[in-house]
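Reading through the structure tokens given below for one structure.
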Amino acid sequence: MFYDLLPQRRFPAARAVIIALLLLEYSLFVRPQSQRYDYFELPDVPAAPLFSEAAPKIVSQTLLTAPEPMSHAAAAAPLPGGGLLALWYSGSGEGKSDVKIYSSRRIDGVWTAPEEFLSRQELAKRTGRYVKTLGNPVLFLRDGRLYCWVVSVGFGGWSGSSLNLWVNAGGSAGSFRRLKLSPLLNLSNLARCAPVEMGHDRLGLPFYHELIKKYALFAIVDDKGRVLRRARIPAAGEALQPAVIPLGNREALALMRRAAGAADDTIPTAKTADAGRSWQAAEPLAIENHDSSLAAARMGNRLFLAANPGSDRSKLVLYEAAAEAPYDWKEVLTLEEEPGCEFSYPVLLAGGDGTLELLYTWKREGIKAVTIAFGEENQ
Amino acid sequence: MSDFFTLFGDRIGLVCCAFSAAAALAALFPKKARAFALPALFAALLAPIRGCGAANLIFALIDIPSLTLVIGCAFLALGKKSPLKNAELAAVAVLELALVLTELGFIPYDLYGWGYRGEAAAAAASLGVLFLAPSRWPVLVAAYLLWRLGIYQNMFDALVDPVCAIAAAGLLIGRAFRAVRVSRANGPGRCGEVRESAPPRPCDR
């Protein structure tokens, strides 16, 4: 039998050869990749005055509505040529079996009509697994290759989620793969915020765990989406949905959503000084945020944060800080404020033309896409 | 090598899952019928009913089975006893328990994260071949190679999974009960020792 092949006592030399081959393979192929110096790729944008010194201005806003009663959790990525691709999930309700991922593209400043991007049946067919419903999409585009992570649920609720990766290099249907991120039946892996660009064609994907205890994680993945490293992002108390902003080539700040039921409602943070290989809990931000998702982005030497201050999701505010002082946030723009309504799950993108793209759930009826310009030339 | 990861990973995982389930179910059939039952069950599990086969449901539930579970199911279908020693069964159960406890956040340490790292995987395979389970070197080497190919995304997944840990714990408990029963039937002996053919005592005649 397989187990009894070449018993070690009879063939001690075989064991030595096997170990030699293993070590040779490791030192030739695995070690060079593993020992690579990880770093964050920072946008090459010159220093500029802060928003708070020159009032920001909304230059365009569009409400994207899918032909479904509920829309939630947008993701966005810039397209070559200045366009924008947005994804979100829509259906009769959160967690329902008719939920699909919808998409819309902004071409020459005009958003196309939302169309179906991915259904649970298609994902089930491509990953070989039963899929009950779909959840948050996460998008990233690099060198013409589109990375799309989609949360799916096979059994149970959100804590029974898994992450799927679709990589499309253009011109083909692309490849799907279920990511294995947990030893417990691969349950409870969710992503919400965009990944950060890293050197050697790597990406840093923030994700989180929700089963029994909630905590954030950070994975370094290669150009095919394969996980190379994984590290836990510690926080004071339970936290989820980390948004990571690079502060330097090796330093980054993770801002997280405080889990429901926590004693205080500040925004938990954590820092890394080795490009995401390890994280340390840091002081929370003095912004009240009760169990609401947030988004963060970096543009040059400015950091932006979109969050729901207060005890509910009826107000959405844009904050700004300098990269040199990442704990000193100033409120620069109130985007929405209407008691009893929900304006949540923002996604922020720093545009190459000096604008900021913000998409968020608008009353669960649609996704609002807002372009914010700043600086005196835009006033 | 990692093209395997995106091209074949899930397909191979589905086939392994269907094979393990079919082998476990085939063990319920008489020995002579298993040669026919195994391929029939394998095909039946993969056959789609309204676009989704039973194997797809099991795959969604347990994900890719570990190499230990696949081999264990093959042994079951062949009607052979598990070749794993008690210490190895305990190691499988304890390792999975440690992984689950750290993953659920009860222990603030990312043990599972080590399984993605090349140096940790190579060290585990080498140490295993050298010291921990030398007679299992084909399994350890196969686990390392399948991890390198991307079939298993984490080295721990190639070695253990929750189903095989539960089976290992069950087997261990079964062996312990059997040992106690045999020991009681045979009279005083070394603790935990199983005597397959104990000589009849005068009172048994």
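In the structure tokens, chains take the letters A, B, ... in the order shown, each chain's residues start at 1, and ligands count up from 1 in the order shown.
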Identify all residues of stretch 47-257 of chain A in strand (DSSP E) (DSSP on the backbone) and supply them as a PyMOL selection string. chain A and resi 57-64+70-78+84-91+100-107+110-111+115-118+133-142+145-153+161-168+175-179+196-198+202-209+215-221+227-233+239-246+252-257
Per residue of stretch 146-187 of chain B within 9 Å of stretch 58-66 of chain B, note the shortest atom pair and the distance in Å to one decimal, counting only C-alpha atoms, and order the rows by chain and increasing residue number, as CSV.
```
residue,atom,partner,partner_atom,distance
B:Ile151,CA,B:Ile64,CA,8.8
B:Tyr152,CA,B:Ile64,CA,7.8
B:Phe156,CA,B:Ser66,CA,8.5
B:Asp157,CA,B:Ser66,CA,5.6
B:Ala158,CA,B:Ser66,CA,4.7
B:Leu159,CA,B:Ser66,CA,5.5
B:Val160,CA,B:Ser66,CA,5.4
B:Asp161,CA,B:Ser66,CA,5.8
B:Pro162,CA,B:Ile62,CA,8.1
B:Val163,CA,B:Ile62,CA,7.7
B:Cys164,CA,B:Ser66,CA,7.6
```
Could you turn the residues from that selection into a file that holds N, CA and C atoms, as a PDB file, in the first residue's frame?
```pdb
ATOM      1  N   ILE B 151      -2.542  22.884  -5.501  1.00  0.00           N
ATOM      2  CA  ILE B 151      -3.780  22.135  -5.268  1.00  0.00           C
ATOM      3  C   ILE B 151      -4.235  22.418  -3.835  1.00  0.00           C
ATOM      4  N   TYR B 152      -3.306  22.328  -2.915  1.00  0.00           N
ATOM      5  CA  TYR B 152      -3.559  22.783  -1.546  1.00  0.00           C
ATOM      6  C   TYR B 152      -2.931  24.160  -1.405  1.00  0.00           C
ATOM      7  N   PHE B 156      -0.983  23.030   5.772  1.00  0.00           N
ATOM      8  CA  PHE B 156      -1.772  22.334   6.791  1.00  0.00           C
ATOM      9  C   PHE B 156      -2.963  21.601   6.156  1.00  0.00           C
ATOM     10  N   ASP B 157      -3.534  22.205   5.093  1.00  0.00           N
ATOM     11  CA  ASP B 157      -4.700  21.594   4.445  1.00  0.00           C
ATOM     12  C   ASP B 157      -4.359  20.255   3.808  1.00  0.00           C
ATOM     13  N   ALA B 158      -3.097  20.116   3.393  1.00  0.00           N
ATOM     14  CA  ALA B 158      -2.683  18.851   2.779  1.00  0.00           C
ATOM     15  C   ALA B 158      -2.594  17.742   3.817  1.00  0.00           C
ATOM     16  N   LEU B 159      -2.372  18.112   5.072  1.00  0.00           N
ATOM     17  CA  LEU B 159      -2.137  17.101   6.118  1.00  0.00           C
ATOM     18  C   LEU B 159      -3.365  16.805   6.963  1.00  0.00           C
ATOM     19  N   VAL B 160      -4.119  17.843   7.324  1.00  0.00           N
ATOM     20  CA  VAL B 160      -5.272  17.626   8.204  1.00  0.00           C
ATOM     21  C   VAL B 160      -6.481  18.437   7.734  1.00  0.00           C
ATOM     22  N   ASP B 161      -7.648  17.989   8.116  1.00  0.00           N
ATOM     23  CA  ASP B 161      -8.876  18.754   7.925  1.00  0.00           C
ATOM     24  C   ASP B 161      -9.846  18.347   9.035  1.00  0.00           C
ATOM     25  N   PRO B 162     -10.902  19.092   9.240  1.00  0.00           N
ATOM     26  CA  PRO B 162     -11.784  18.773  10.378  1.00  0.00           C
ATOM     27  C   PRO B 162     -12.388  17.376  10.316  1.00  0.00           C
ATOM     28  N   VAL B 163     -12.744  16.911   9.108  1.00  0.00           N
ATOM     29  CA  VAL B 163     -13.365  15.582   8.992  1.00  0.00           C
ATOM     30  C   VAL B 163     -12.362  14.503   9.398  1.00  0.00           C
ATOM     31  N   CYS B 164     -11.130  14.630   8.915  1.00  0.00           N
ATOM     32  CA  CYS B 164     -10.132  13.591   9.246  1.00  0.00           C
ATOM     33  C   CYS B 164      -9.748  13.675  10.727  1.00  0.00           C
TER      34      CYS B 164
END
```
Compile the residues of chain A that lie within 8 Å of chain B, evaluated using only C-alpha atoms, and express the compilation as a ChimeraX atom specification. /A:2-5,7-8,15,18-19,22-23,26,30-31,34,125,127-131,154-155,175-180,182-186,211-215,224,226-232
Applying 7 Å and only C-alpha atoms, which residues near A:Asn289 remain after dropping the ones on its own chain fewer than 2 positions away? List them as an NGL selection string. :A and (265-267 or 287 or 291-292 or 308-311)
Pick out the residues sitting within 7 Å of A:Leu87, and hand them over as a list of chain:residue names; count only C-alpha atoms, and ignore anything fewer than 5 positions along from it in its own chain.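 Those residues are A:Ala74, A:Ala75, A:Ala76, A:Ile101, A:Tyr102, A:Ser103, A:Ser104, A:Pro137.
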Selection export as a CSV table (one decimal), in the first residue's frame, atoms kept: C-alpha atoms:
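Output contents, as saved in again25.csv:
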```csv
chain,number,residue,atom,x,y,z
A,74,ALA,CA,-20.0,48.7,-4.0
A,75,ALA,CA,-16.5,48.1,-5.2
A,76,ALA,CA,-14.7,50.1,-7.9
A,101,ILE,CA,-23.4,41.0,-8.7
A,102,TYR,CA,-24.2,43.9,-11.0
A,103,SER,CA,-21.8,46.2,-12.9
A,104,SER,CA,-21.7,49.6,-14.5
A,137,PRO,CA,-17.3,42.2,-4.3
```
Best match for closeness to B:Lys81 among B:Met155, B:Phe42, B:Leu146, B:Arg175, counting only C-alpha atoms: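 For B:Lys81, the nearest of the candidates is B:Arg175.
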Separation of atom CA of A:Glu197 from atom CA of A:Asp222 in Å: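 Interatomic distance here is 10.8 Å.
Rounded to one decimal, atom CA of A:Cys341 and atom CA of A:Lys363 lie 5.7 Å from each other.
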I need the residues in stretch 77-195 of chain B that are alpha helix (DSSP H) according to DSSP; give them as a ChimeraX atom specification. /B:77,86-103,118-127,137-149,155-159,162-186
One decimal, Å: what's the distance from atom CA of B:Leu89 over to atom CA of B:Ala142, could you say? 19.0 Å
Write out as a list in words the residues lying within 7 Å of A:Phe304, counting only C-alpha atoms and excluding same-chain residues fewer than 5 positions away.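 Those residues are Ala296, Ala297, Arg298, Leu318, Tyr319, Glu320 and Ala321 of chain A.
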Could you save those same residues with N, CA and C atoms as a short mmCIF file (atom, residue, chain, number, x, y, z; two decimals), in the first residue's frame?
```cif
data_model
loop_
_atom_site.label_atom_id
_atom_site.label_comp_id
_atom_site.auth_asym_id
_atom_site.auth_seq_id
_atom_site.Cartn_x
_atom_site.Cartn_y
_atom_site.Cartn_z
N ALA A 296 -10.88 54.01 2.99
CA ALA A 296 -9.75 54.92 3.10
C ALA A 296 -8.93 54.86 1.82
N ALA A 297 -8.31 55.99 1.51
CA ALA A 297 -7.46 56.03 0.31
C ALA A 297 -6.36 57.06 0.52
N ARG A 298 -5.31 56.91 -0.26
CA ARG A 298 -4.20 57.85 -0.20
C ARG A 298 -4.06 58.52 -1.57
N LEU A 318 -16.70 62.78 4.80
CA LEU A 318 -15.35 62.59 4.28
C LEU A 318 -14.37 63.30 5.21
N TYR A 319 -13.34 62.59 5.63
CA TYR A 319 -12.30 63.14 6.51
C TYR A 319 -10.98 63.17 5.74
N GLU A 320 -10.10 64.00 6.24
CA GLU A 320 -8.79 64.11 5.60
C GLU A 320 -7.69 64.24 6.65
N ALA A 321 -6.54 63.69 6.33
CA ALA A 321 -5.37 63.83 7.21
C ALA A 321 -4.12 63.86 6.35
#
```
